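Engineer: One structure is given below, represented as structure tokens, and several questions about it will come after.
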Amino acid sequence: MILWREGRVAAVRRAWGATGGWGGALECDVDVTLGGRCVALAYPSLVGTPQTGDRVLLNTTALERGLGTGGFAFVIALSDNFPVDPVQGPGHLVKARYTPLQAMVQGVDEQESPHHDVLAEADDLLGMPVVIADLHSAVPAIVAGIRDIRPDCKIAYVMTDGGALPAWFSHTIARLRDTGWVASCITAGQAFGGDLEAVTLHSALLAARHVVDADVVVVAQGPGNLGTGTKWGFSGVAAGEAVNAAAVLHGHPVAALRLSGADQRPRHRGISHHSLTAYGHVALTPADVVIPTFGGPTAALGGGLAELGALVKSQAEELVDPLGPHRAVHVPVDGLMPALSMSPVPLSTMGRSLAEDPAAFLASAAAGRHAGELLPPA
């Protein structure tokens with residue numbers, strides 16, 4: 001269902017993520033005709049740029065239901081101020097297909113792309129490390145871990161379509177791009193709005209290697225994951241498919257574990273059951289499973305990190321040789337807290353900060369550290 005509402009823009013707030021006149025997101029305060037005021041999000045490239053006083057049509061479904069996934073009011077149209085037609089250019093790849101706001105983009109792998117010939121022949125990542133996570137919040141921590149080892153390397157982010165479809169929604173990616181921590185964002189599948197658009201995860205990975213010339217790729221869904229409290233009903237289970245894609249293309253898959261020392265739900269204590277499902281049942285090819293070591297100075301952070309480390313090591317046994325298909329890589333996390341503190345974006349996962357759940361971010365940074373160590377000397 002969709003809850004349709006009409007309103008009028010009371011104020012235009014912050015904007016972010018626009019590059020070269022394309023994309024980005026914009027917040028505005030809207031007085032809703034039925035009463036009340038809400039914050040609504042508009043994507044100017046899709047609906048135009050709202051101005052104070054504009055009459056707008058809203059989708060308030062998830063907002064009114066109090067949901068996390070999609071929990072915003074979204075501007076569907078500016079009722080009296082339609083955007084002018086964009087300049088027609090190359091590209092015929094349609095994303096968010098067969099929805100009212102389907103968008104036409106130029107795919108990096110389509111026939112009208114200047115990179116088509118390169119990607120038509122490409123099928124090898126040449127051993128490039130591919131770090132895979134199931135939550136978008138892991139991305140800046142992984143990047144921090146990579147940069148702690150190799151600040152000189154070029155990092156690409158591939159956003160899959162399990163969460164938000166527009167990359168413009170992510171403050172994290174906008175900031176990582178602006179600061180140079182991430183060289184390029186590539187949107188795969190139905191996701192759109194990246195620096196490059198790809199039809200599949202496979203072509204996105206190949207574009208990262210052969211078009212962006214990245215040294216390392218981080219793969220994760222966009223913000224707004226969807227979970228149901230069941231083993232299989234979680235959008236991040238696709239992390240296992242990403243392991244398969246990286247391996248098929250001769251990359252070096254690195255599995256970042258989702259773990260927590262602060263989550264009160266037993267199924268997410270230590271290694272989340274989502275990681276155990278994605279890497280233990282969906283991934284059919286071996287990956288490096290990075291198991292963080294919380295000993296030494298890190299244990300002084302408190303919060304039961306030493307005990308948590310023992311639990312994580314035990315839980316990981318079902319994933320790695322000899323019981324599971326993957327390779328166990330034990331990575332010390334000493335020195336990674338300063339690296340995480342340098343992140344240009346606030347670190348937050350499931351509403352918890354770095355101070356509230358350091359294990360979650362240290363595990364992601366450890367996966368990044370391992371990926372950096374896989375790179376040849378500079």
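Naming works like this for the structure tokens: A, B, ... for the chains as they're shown, residue 1 at the start of each chain, ligands 1 onward in shown order.
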Compile the contact shell of region 258-262 of chain A as a list in words: residues with an atom at most 9 Å away, counting only C-alpha atoms, same-chain residues fewer than 6 positions apart removed.
Structural biologist: Ala133, Asp134, Leu135, Ala138, His268, Arg269, Gly270, Ile271, Ser272, His273, His274, Ser275, Gly303, Gly304, Leu305, Leu308, Val312, Arg352, Glu356, Asp357, Pro358, Ala359, Ala360, Phe361, Ala363 and Ser364 of chain A
Engineer: Output the selection as a tab-separated table (two decimals), in the first residue's frame - N, CA, C and O atoms for each residue.
Structural biologist:
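Produced file again18.tsv, reproduced below:
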```tsv
chain	number	residue	atom	x	y	z
A	133	ALA	N	30.54	-7.10	3.20
A	133	ALA	CA	29.84	-6.92	4.47
A	133	ALA	C	28.34	-6.91	4.20
A	133	ALA	O	27.90	-6.63	3.09
A	134	ASP	N	27.55	-7.20	5.25
A	134	ASP	CA	26.10	-7.22	5.04
A	134	ASP	C	25.41	-5.93	5.43
A	134	ASP	O	24.26	-5.72	5.07
A	135	LEU	N	26.10	-5.04	6.15
A	135	LEU	CA	25.50	-3.78	6.57
A	135	LEU	C	26.25	-2.59	5.98
A	135	LEU	O	27.48	-2.57	5.95
A	138	ALA	N	29.05	-0.83	7.97
A	138	ALA	CA	30.39	-1.40	8.04
A	138	ALA	C	31.36	-0.73	7.07
A	138	ALA	O	32.58	-0.82	7.25
A	268	HIS	N	22.17	-12.08	17.66
A	268	HIS	CA	23.18	-11.14	17.15
A	268	HIS	C	24.35	-10.97	18.12
A	268	HIS	O	25.23	-10.15	17.88
A	269	ARG	N	24.36	-11.75	19.19
A	269	ARG	CA	25.45	-11.66	20.16
A	269	ARG	C	26.68	-12.38	19.62
A	269	ARG	O	26.59	-13.51	19.14
A	270	GLY	N	27.83	-11.74	19.69
A	270	GLY	CA	29.01	-12.30	19.02
A	270	GLY	C	28.81	-12.17	17.52
A	270	GLY	O	28.47	-11.10	17.01
A	271	ILE	N	29.01	-13.26	16.79
A	271	ILE	CA	28.76	-13.23	15.34
A	271	ILE	C	27.26	-13.31	15.10
A	271	ILE	O	26.58	-14.22	15.58
A	272	SER	N	26.73	-12.37	14.34
A	272	SER	CA	25.31	-12.37	14.01
A	272	SER	C	24.95	-13.62	13.21
A	272	SER	O	25.72	-14.10	12.37
A	273	HIS	N	23.74	-14.13	13.47
A	273	HIS	CA	23.28	-15.28	12.69
A	273	HIS	C	23.20	-14.96	11.21
A	273	HIS	O	23.26	-15.85	10.36
A	274	HIS	N	23.09	-13.68	10.86
A	274	HIS	CA	23.08	-13.31	9.45
A	274	HIS	C	24.41	-13.63	8.77
A	274	HIS	O	24.45	-14.11	7.63
A	275	SER	N	25.52	-13.34	9.44
A	275	SER	CA	26.83	-13.69	8.88
A	275	SER	C	26.99	-15.20	8.79
A	275	SER	O	27.54	-15.72	7.81
A	303	GLY	N	34.09	-3.52	28.35
A	303	GLY	CA	32.93	-4.01	27.62
A	303	GLY	C	32.97	-5.49	27.34
A	303	GLY	O	32.24	-5.99	26.49
A	304	GLY	N	33.84	-6.23	28.05
A	304	GLY	CA	33.91	-7.67	27.86
A	304	GLY	C	34.48	-8.09	26.54
A	304	GLY	O	34.12	-9.16	26.02
A	305	LEU	N	35.40	-7.29	25.97
A	305	LEU	CA	35.94	-7.63	24.66
A	305	LEU	C	36.71	-8.95	24.68
A	305	LEU	O	36.64	-9.72	23.72
A	308	LEU	N	34.22	-11.65	24.65
A	308	LEU	CA	33.56	-11.65	23.35
A	308	LEU	C	34.44	-12.31	22.30
A	308	LEU	O	33.97	-13.07	21.45
A	312	VAL	N	33.43	-15.30	19.77
A	312	VAL	CA	33.51	-15.15	18.32
A	312	VAL	C	34.37	-16.26	17.71
A	312	VAL	O	34.02	-16.86	16.69
A	352	ARG	N	23.92	2.27	17.42
A	352	ARG	CA	24.99	2.27	18.42
A	352	ARG	C	26.26	2.88	17.84
A	352	ARG	O	26.64	2.58	16.71
A	356	GLU	N	29.78	2.77	22.04
A	356	GLU	CA	28.77	1.87	22.59
A	356	GLU	C	28.94	0.42	22.12
A	356	GLU	O	28.52	-0.50	22.82
A	357	ASP	N	29.52	0.22	20.94
A	357	ASP	CA	29.71	-1.14	20.42
A	357	ASP	C	31.00	-1.21	19.61
A	357	ASP	O	31.00	-1.41	18.40
A	358	PRO	N	32.16	-1.04	20.28
A	358	PRO	CA	33.42	-1.00	19.54
A	358	PRO	C	33.71	-2.28	18.76
A	358	PRO	O	34.32	-2.23	17.69
A	359	ALA	N	33.24	-3.41	19.26
A	359	ALA	CA	33.53	-4.68	18.59
A	359	ALA	C	33.00	-4.71	17.16
A	359	ALA	O	33.64	-5.26	16.26
A	360	ALA	N	31.83	-4.13	16.95
A	360	ALA	CA	31.23	-4.15	15.62
A	360	ALA	C	32.13	-3.47	14.60
A	360	ALA	O	32.34	-3.98	13.49
A	361	PHE	N	32.68	-2.33	14.97
A	361	PHE	CA	33.50	-1.56	14.04
A	361	PHE	C	34.92	-2.12	13.95
A	361	PHE	O	35.55	-2.08	12.89
A	363	ALA	N	35.71	-5.24	14.13
A	363	ALA	CA	35.65	-6.41	13.25
A	363	ALA	C	35.68	-6.00	11.78
A	363	ALA	O	36.38	-6.62	10.95
A	364	SER	N	34.95	-4.95	11.44
A	364	SER	CA	34.94	-4.47	10.06
A	364	SER	C	36.30	-3.89	9.68
A	364	SER	O	36.82	-4.14	8.59
```
Engineer: For Asp215 (chain A), work out the shell of residues within 12 Å, counting only C-alpha atoms and skipping chain neighbours fewer than 3 positions away, then give it as a PyMOL selection string.
Structural biologist: chain A and resi 125-131+146-147+150-157+182-184+205-212+218+251-252+371-378
Engineer: Go through A:Gln88, A:Gln111, A:Ser314, A:Ser235 and flag the residue nearest Ala328 (chain A), using only C-alpha atoms for the distances.
Structural biologist: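 Closest to Ala328 (chain A), using only C-alpha atoms: A:Ser314.
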Engineer: So that I can check the surroundings of Gly36 (chain A), please list as a JSON list (two decimals) with N, CA, C and O atoms, in the first residue's frame every protein, DNA and RNA residue that reaches within 12 Å of it, counting only C-alpha atoms and ignoring chain neighbours fewer than 4 positions away.
Structural biologist:
```json
[["chain", "number", "residue", "atom", "x", "y", "z"],
["A", 5, "ARG", "N", -0.08, 11.76, 0.47],
["A", 5, "ARG", "CA", -0.38, 12.99, 1.19],
["A", 5, "ARG", "C", 0.03, 14.18, 0.32],
["A", 5, "ARG", "O", 0.96, 14.09, -0.49],
["A", 6, "GLU", "N", -0.66, 15.28, 0.52],
["A", 6, "GLU", "CA", -0.30, 16.53, -0.17],
["A", 6, "GLU", "C", 0.15, 17.52, 0.89],
["A", 6, "GLU", "O", -0.30, 17.49, 2.03],
["A", 7, "GLY", "N", 1.07, 18.39, 0.50],
["A", 7, "GLY", "CA", 1.54, 19.39, 1.45],
["A", 7, "GLY", "C", 2.19, 20.54, 0.74],
["A", 7, "GLY", "O", 2.22, 20.60, -0.50],
["A", 8, "ARG", "N", 2.72, 21.45, 1.54],
["A", 8, "ARG", "CA", 3.40, 22.62, 0.98],
["A", 8, "ARG", "C", 4.74, 22.79, 1.69],
["A", 8, "ARG", "O", 4.83, 22.66, 2.91],
["A", 10, "ALA", "N", 7.56, 24.21, 3.61],
["A", 10, "ALA", "CA", 7.68, 25.33, 4.55],
["A", 10, "ALA", "C", 9.11, 25.86, 4.59],
["A", 10, "ALA", "O", 9.33, 27.05, 4.81],
["A", 29, "ASP", "N", 11.16, 20.79, 5.02],
["A", 29, "ASP", "CA", 10.02, 20.73, 5.94],
["A", 29, "ASP", "C", 8.75, 20.93, 5.13],
["A", 29, "ASP", "O", 8.66, 21.87, 4.32],
["A", 30, "VAL", "N", 7.78, 20.06, 5.35],
["A", 30, "VAL", "CA", 6.53, 20.13, 4.60],
["A", 30, "VAL", "C", 5.36, 20.19, 5.57],
["A", 30, "VAL", "O", 5.25, 19.36, 6.49],
["A", 31, "ASP", "N", 4.50, 21.18, 5.40],
["A", 31, "ASP", "CA", 3.24, 21.24, 6.12],
["A", 31, "ASP", "C", 2.22, 20.39, 5.37],
["A", 31, "ASP", "O", 1.88, 20.68, 4.21],
["A", 32, "VAL", "N", 1.77, 19.31, 6.01],
["A", 32, "VAL", "CA", 0.87, 18.36, 5.37],
["A", 32, "VAL", "C", -0.56, 18.87, 5.46],
["A", 32, "VAL", "O", -1.00, 19.38, 6.50],
["A", 64, "GLU", "N", 4.63, 6.99, 8.53],
["A", 64, "GLU", "CA", 3.45, 6.90, 9.40],
["A", 64, "GLU", "C", 3.37, 5.55, 10.11],
["A", 64, "GLU", "O", 2.75, 5.45, 11.18]]
```
Engineer: I need the residues of region 68-246 of chain A that end up classed as strand (DSSP E) by DSSP on the backbone, written out as a ChimeraX atom specification.
Structural biologist: /A:73-78,93-95,103-105,129-132,155-160,184-188,196-198,216-221
Engineer: Running DSSP on the backbone, which parts of region 123-260 of chain A land in helix (DSSP H, G or I), as a short mmCIF file (atom, residue, chain, number, x, y, z; two decimals) with N, CA, C and O atoms, in the first residue's frame?
Structural biologist:
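Output file result15.cif follows:
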```cif
data_model
loop_
_atom_site.label_atom_id
_atom_site.label_comp_id
_atom_site.auth_asym_id
_atom_site.auth_seq_id
_atom_site.Cartn_x
_atom_site.Cartn_y
_atom_site.Cartn_z
N HIS A 136 25.50 -1.58 5.56
CA HIS A 136 26.11 -0.37 5.02
C HIS A 136 26.98 0.32 6.05
O HIS A 136 27.99 0.94 5.71
N SER A 137 26.61 0.21 7.32
CA SER A 137 27.37 0.88 8.38
C SER A 137 28.77 0.33 8.54
O SER A 137 29.62 0.97 9.18
N ALA A 138 29.05 -0.83 7.97
CA ALA A 138 30.39 -1.40 8.04
C ALA A 138 31.36 -0.73 7.07
O ALA A 138 32.58 -0.82 7.25
N VAL A 139 30.84 -0.07 6.05
CA VAL A 139 31.69 0.44 4.98
C VAL A 139 32.77 1.42 5.47
O VAL A 139 33.95 1.22 5.18
N PRO A 140 32.44 2.48 6.22
CA PRO A 140 33.51 3.40 6.64
C PRO A 140 34.53 2.73 7.54
O PRO A 140 35.72 3.08 7.50
N ALA A 141 34.11 1.77 8.36
CA ALA A 141 35.07 1.07 9.22
C ALA A 141 36.01 0.20 8.40
O ALA A 141 37.22 0.13 8.68
N ILE A 142 35.49 -0.47 7.39
CA ILE A 142 36.34 -1.27 6.50
C ILE A 142 37.35 -0.37 5.80
O ILE A 142 38.54 -0.68 5.72
N VAL A 143 36.87 0.75 5.29
CA VAL A 143 37.76 1.68 4.59
C VAL A 143 38.83 2.21 5.53
O VAL A 143 40.01 2.34 5.16
N ALA A 144 38.46 2.49 6.79
CA ALA A 144 39.44 2.95 7.77
C ALA A 144 40.52 1.90 7.99
O ALA A 144 41.71 2.23 8.11
N GLY A 145 40.12 0.63 8.03
CA GLY A 145 41.09 -0.44 8.21
C GLY A 145 42.02 -0.59 7.04
O GLY A 145 43.23 -0.83 7.21
N ILE A 146 41.49 -0.45 5.83
CA ILE A 146 42.34 -0.51 4.63
C ILE A 146 43.35 0.63 4.64
O ILE A 146 44.55 0.43 4.43
N ARG A 147 42.85 1.83 4.90
CA ARG A 147 43.71 3.01 4.86
C ARG A 147 44.75 3.00 5.97
O ARG A 147 45.82 3.61 5.82
N ASP A 148 44.47 2.31 7.07
CA ASP A 148 45.45 2.22 8.14
C ASP A 148 46.71 1.48 7.68
O ASP A 148 47.81 1.76 8.14
N ILE A 149 46.53 0.54 6.75
CA ILE A 149 47.64 -0.22 6.20
C ILE A 149 48.18 0.43 4.93
O ILE A 149 49.40 0.57 4.74
N ALA A 167 21.89 5.74 -4.44
CA ALA A 167 23.11 5.97 -3.65
C ALA A 167 23.09 7.34 -3.02
O ALA A 167 23.75 7.57 -2.00
N TRP A 168 22.31 8.25 -3.58
CA TRP A 168 22.24 9.63 -3.06
C TRP A 168 21.70 9.66 -1.63
O TRP A 168 21.92 10.64 -0.91
N PHE A 169 20.98 8.65 -1.21
CA PHE A 169 20.42 8.62 0.14
C PHE A 169 21.52 8.57 1.20
O PHE A 169 21.32 9.04 2.32
N HIS A 171 24.47 9.53 3.33
CA HIS A 171 25.41 10.56 3.77
C HIS A 171 26.83 9.99 3.81
O HIS A 171 27.80 10.69 3.51
N THR A 172 26.93 8.73 4.20
CA THR A 172 28.25 8.08 4.34
C THR A 172 29.01 8.10 3.02
O THR A 172 30.18 8.52 2.97
N ILE A 173 28.38 7.66 1.96
CA ILE A 173 29.08 7.59 0.68
C ILE A 173 29.39 8.98 0.14
O ILE A 173 30.47 9.23 -0.41
N ALA A 174 28.47 9.91 0.33
CA ALA A 174 28.73 11.28 -0.12
C ALA A 174 29.98 11.83 0.55
O ALA A 174 30.85 12.44 -0.10
N ARG A 175 30.09 11.60 1.84
CA ARG A 175 31.24 12.13 2.59
C ARG A 175 32.53 11.38 2.26
O ARG A 175 33.60 12.00 2.10
N LEU A 176 32.46 10.06 2.16
CA LEU A 176 33.65 9.30 1.80
C LEU A 176 34.16 9.69 0.41
O LEU A 176 35.37 9.74 0.17
N ARG A 177 33.23 9.98 -0.50
CA ARG A 177 33.64 10.44 -1.84
C ARG A 177 34.26 11.84 -1.76
O ARG A 177 35.28 12.11 -2.36
N ASP A 178 33.63 12.73 -1.01
CA ASP A 178 34.12 14.10 -0.93
C ASP A 178 35.52 14.19 -0.32
O ASP A 178 36.31 15.06 -0.69
N LEU A 201 26.17 -7.26 -10.15
CA LEU A 201 27.31 -7.19 -9.24
C LEU A 201 28.59 -7.58 -9.95
O LEU A 201 29.65 -6.98 -9.73
N HIS A 202 28.50 -8.56 -10.82
CA HIS A 202 29.69 -9.03 -11.54
C HIS A 202 30.28 -7.92 -12.41
O HIS A 202 31.50 -7.67 -12.38
N SER A 203 29.44 -7.24 -13.16
CA SER A 203 29.96 -6.18 -14.03
C SER A 203 30.41 -4.98 -13.19
O SER A 203 31.34 -4.26 -13.58
N ALA A 204 29.80 -4.77 -12.04
CA ALA A 204 30.26 -3.70 -11.14
C ALA A 204 31.66 -3.99 -10.63
O ALA A 204 32.52 -3.10 -10.58
N LEU A 205 31.91 -5.23 -10.23
CA LEU A 205 33.25 -5.60 -9.76
C LEU A 205 34.28 -5.44 -10.87
O LEU A 205 35.39 -4.93 -10.66
N LEU A 206 33.92 -5.87 -12.07
CA LEU A 206 34.85 -5.74 -13.20
C LEU A 206 35.10 -4.28 -13.54
O LEU A 206 36.22 -3.89 -13.89
N ALA A 207 34.07 -3.45 -13.41
CA ALA A 207 34.25 -2.01 -13.66
C ALA A 207 35.18 -1.41 -12.61
O ALA A 207 36.00 -0.54 -12.91
N ALA A 208 35.05 -1.84 -11.37
CA ALA A 208 35.94 -1.34 -10.32
C ALA A 208 37.39 -1.64 -10.66
O ALA A 208 38.28 -0.80 -10.47
N ARG A 209 37.63 -2.83 -11.17
CA ARG A 209 39.01 -3.24 -11.47
C ARG A 209 39.52 -2.61 -12.76
O ARG A 209 40.64 -2.08 -12.80
N HIS A 210 38.72 -2.65 -13.82
CA HIS A 210 39.23 -2.31 -15.15
C HIS A 210 38.87 -0.91 -15.63
O HIS A 210 39.48 -0.42 -16.60
N SER A 235 17.94 -8.97 3.96
CA SER A 235 18.52 -8.55 2.69
C SER A 235 20.03 -8.75 2.63
O SER A 235 20.60 -8.93 1.55
N GLY A 236 20.71 -8.75 3.79
CA GLY A 236 22.15 -8.91 3.81
C GLY A 236 22.64 -10.32 3.54
O GLY A 236 23.86 -10.54 3.41
N VAL A 237 21.72 -11.29 3.45
CA VAL A 237 22.12 -12.65 3.08
C VAL A 237 22.83 -12.65 1.73
O VAL A 237 23.65 -13.53 1.44
N ALA A 238 22.56 -11.63 0.92
CA ALA A 238 23.22 -11.52 -0.39
C ALA A 238 24.73 -11.36 -0.27
O ALA A 238 25.44 -11.47 -1.28
N ALA A 239 25.26 -11.10 0.94
CA ALA A 239 26.71 -11.06 1.11
C ALA A 239 27.34 -12.38 0.69
O ALA A 239 28.47 -12.41 0.17
N GLY A 240 26.63 -13.48 0.90
CA GLY A 240 27.15 -14.77 0.45
C GLY A 240 27.26 -14.85 -1.07
O GLY A 240 28.21 -15.42 -1.61
N GLU A 241 26.29 -14.28 -1.76
CA GLU A 241 26.34 -14.25 -3.23
C GLU A 241 27.50 -13.38 -3.71
O GLU A 241 28.11 -13.64 -4.76
N ALA A 242 27.82 -12.34 -2.95
CA ALA A 242 28.95 -11.49 -3.32
C ALA A 242 30.27 -12.25 -3.21
O ALA A 242 31.19 -12.04 -4.02
N VAL A 243 30.38 -13.12 -2.21
CA VAL A 243 31.57 -13.99 -2.12
C VAL A 243 31.69 -14.83 -3.39
O VAL A 243 32.77 -14.94 -3.99
N ASN A 244 30.58 -15.41 -3.81
CA ASN A 244 30.60 -16.24 -5.01
C ASN A 244 31.01 -15.44 -6.24
O ASN A 244 31.81 -15.90 -7.07
N ALA A 245 30.46 -14.24 -6.38
CA ALA A 245 30.78 -13.40 -7.54
C ALA A 245 32.26 -13.05 -7.57
O ALA A 245 32.91 -13.11 -8.62
N ALA A 246 32.79 -12.66 -6.42
CA ALA A 246 34.21 -12.29 -6.37
C ALA A 246 35.10 -13.48 -6.73
O ALA A 246 36.10 -13.33 -7.44
N ALA A 247 34.74 -14.65 -6.25
CA ALA A 247 35.56 -15.84 -6.52
C ALA A 247 35.46 -16.27 -7.98
O ALA A 247 36.48 -16.62 -8.60
N VAL A 248 34.26 -16.24 -8.55
CA VAL A 248 34.08 -16.63 -9.95
C VAL A 248 34.92 -15.75 -10.87
O VAL A 248 35.45 -16.21 -11.89
#
```
Engineer: Just the residues within 6 Å of Gln221 (chain A), please, counting only C-alpha atoms, with nothing from its chain fewer than 5 positions along; format it as a list in words.
Structural biologist: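 Final neighbour list, sorted by chain and number: His136, Met159, Thr160, Asp161, Gly162 and Gly163 of chain A.
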Engineer: Can I get the selected residues back with all heavy atoms, as a PDB file, in the first residue's frame?
Structural biologist:
```pdb
ATOM      1  N   HIS A 136      25.503  -1.584   5.563  1.00  0.00           N
ATOM      2  CA  HIS A 136      26.108  -0.374   5.017  1.00  0.00           C
ATOM      3  C   HIS A 136      26.982   0.322   6.053  1.00  0.00           C
ATOM      4  O   HIS A 136      27.994   0.941   5.714  1.00  0.00           O
ATOM      5  CB  HIS A 136      24.994   0.570   4.553  1.00  0.00           C
ATOM      6  CG  HIS A 136      25.461   1.743   3.759  1.00  0.00           C
ATOM      7  ND1 HIS A 136      25.943   1.639   2.471  1.00  0.00           N
ATOM      8  CD2 HIS A 136      25.507   3.068   4.064  1.00  0.00           C
ATOM      9  CE1 HIS A 136      26.268   2.831   2.021  1.00  0.00           C
ATOM     10  NE2 HIS A 136      26.022   3.726   2.961  1.00  0.00           N
ATOM     11  N   MET A 159      27.741  -0.699  -4.391  1.00  0.00           N
ATOM     12  CA  MET A 159      26.500  -0.716  -3.630  1.00  0.00           C
ATOM     13  C   MET A 159      25.502  -1.620  -4.314  1.00  0.00           C
ATOM     14  O   MET A 159      25.108  -1.384  -5.462  1.00  0.00           O
ATOM     15  CB  MET A 159      25.934   0.699  -3.498  1.00  0.00           C
ATOM     16  CG  MET A 159      24.731   0.780  -2.576  1.00  0.00           C
ATOM     17  SD  MET A 159      24.118   2.467  -2.390  1.00  0.00           S
ATOM     18  CE  MET A 159      22.477   2.286  -3.094  1.00  0.00           C
ATOM     19  N   THR A 160      25.116  -2.679  -3.620  1.00  0.00           N
ATOM     20  CA  THR A 160      24.114  -3.590  -4.147  1.00  0.00           C
ATOM     21  C   THR A 160      22.718  -3.070  -3.803  1.00  0.00           C
ATOM     22  O   THR A 160      22.561  -2.058  -3.115  1.00  0.00           O
ATOM     23  CB  THR A 160      24.324  -5.001  -3.580  1.00  0.00           C
ATOM     24  OG1 THR A 160      24.247  -4.956  -2.143  1.00  0.00           O
ATOM     25  CG2 THR A 160      25.687  -5.541  -3.989  1.00  0.00           C
ATOM     26  N   ASP A 161      21.694  -3.775  -4.268  1.00  0.00           N
ATOM     27  CA  ASP A 161      20.343  -3.212  -4.191  1.00  0.00           C
ATOM     28  C   ASP A 161      19.477  -3.829  -3.092  1.00  0.00           C
ATOM     29  O   ASP A 161      18.257  -3.836  -3.187  1.00  0.00           O
ATOM     30  CB  ASP A 161      19.638  -3.325  -5.541  1.00  0.00           C
ATOM     31  CG  ASP A 161      19.634  -4.742  -6.109  1.00  0.00           C
ATOM     32  OD1 ASP A 161      19.972  -5.686  -5.355  1.00  0.00           O
ATOM     33  OD2 ASP A 161      19.310  -4.911  -7.297  1.00  0.00           O
ATOM     34  N   GLY A 162      20.104  -4.300  -2.003  1.00  0.00           N
ATOM     35  CA  GLY A 162      19.328  -4.862  -0.907  1.00  0.00           C
ATOM     36  C   GLY A 162      18.723  -3.827   0.020  1.00  0.00           C
ATOM     37  O   GLY A 162      17.772  -4.123   0.753  1.00  0.00           O
ATOM     38  N   GLY A 163      19.274  -2.613   0.033  1.00  0.00           N
ATOM     39  CA  GLY A 163      18.756  -1.550   0.888  1.00  0.00           C
ATOM     40  C   GLY A 163      18.219  -0.417   0.034  1.00  0.00           C
ATOM     41  O   GLY A 163      17.429  -0.623  -0.887  1.00  0.00           O
TER      42      GLY A 163
END
```
Engineer: Can you work out which one of A:Val105, A:Val216, A:Ala306, A:Cys28 has the shortest atom-to-atom distance to Ser45 (chain A), counting only C-alpha atoms?
Structural biologist: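 Result for the nearest residue to Ser45 (chain A): A:Val105.
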Engineer: Rounded to one decimal place, report the CA of Gln190 (chain A)-CA of Leu165 (chain A) distance in Å.
Structural biologist: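 Going from CA of Gln190 (chain A) over to CA of Leu165 (chain A) covers 6.5 Å.
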Engineer: What is the distance between CA of Val217 (chain A) and CA of Gly335 (chain A), in Å to one decimal?
Structural biologist: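 Result for CA of Val217 (chain A) versus CA of Gly335 (chain A): 22.6 Å, one decimal.
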Engineer: Restricting the calculation to only C-alpha atoms, which member of A:Thr49, A:Cys38, A:Gly227, A:Phe72 is positioned closest to Gly24 (chain A)?
Structural biologist: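 When distances to Gly24 (chain A) are compared using only C-alpha atoms, the smallest one comes from A:Thr49.
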Engineer: Mind checking which residues fall within 7 Å of Ala73 (chain A), counting only C-alpha atoms, ignoring those fewer than 6 positions away in the same chain, and posting them as a list in words?
Structural biologist: Val39, Ala40, Leu41, Leu58, Asn59, Thr60 and Leu63 of chain A
Engineer: Store the residues picked out above, limited to N, CA and C atoms, as a short mmCIF file (atom, residue, chain, number, x, y, z; two decimals), in the first residue's frame.
Structural biologist:
```
data_model
loop_
_atom_site.label_atom_id
_atom_site.label_comp_id
_atom_site.auth_asym_id
_atom_site.auth_seq_id
_atom_site.Cartn_x
_atom_site.Cartn_y
_atom_site.Cartn_z
N VAL A 39 9.42 16.04 7.87
CA VAL A 39 10.61 16.22 7.05
C VAL A 39 10.50 15.26 5.88
N ALA A 40 10.59 15.80 4.68
CA ALA A 40 10.47 14.99 3.47
C ALA A 40 11.78 15.03 2.69
N LEU A 41 12.06 13.93 2.03
CA LEU A 41 13.28 13.81 1.24
C LEU A 41 12.92 13.84 -0.24
N LEU A 58 3.37 13.62 -1.58
CA LEU A 58 4.26 12.84 -0.73
C LEU A 58 3.82 11.38 -0.64
N ASN A 59 4.82 10.52 -0.42
CA ASN A 59 4.58 9.15 0.03
C ASN A 59 5.01 9.09 1.49
N THR A 60 4.08 8.88 2.40
CA THR A 60 4.39 8.89 3.84
C THR A 60 4.18 7.52 4.48
N LEU A 63 6.89 6.26 7.01
CA LEU A 63 6.99 7.25 8.08
C LEU A 63 5.83 7.09 9.06
#
```
Engineer: Just checking: using only C-alpha atoms, which residue out of A:Val219, A:Leu26, A:Ala339, A:Ile2 ends up closest to Thr61 (chain A)?
Structural biologist: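 Closest to Thr61 (chain A) of all the choices is A:Ile2.
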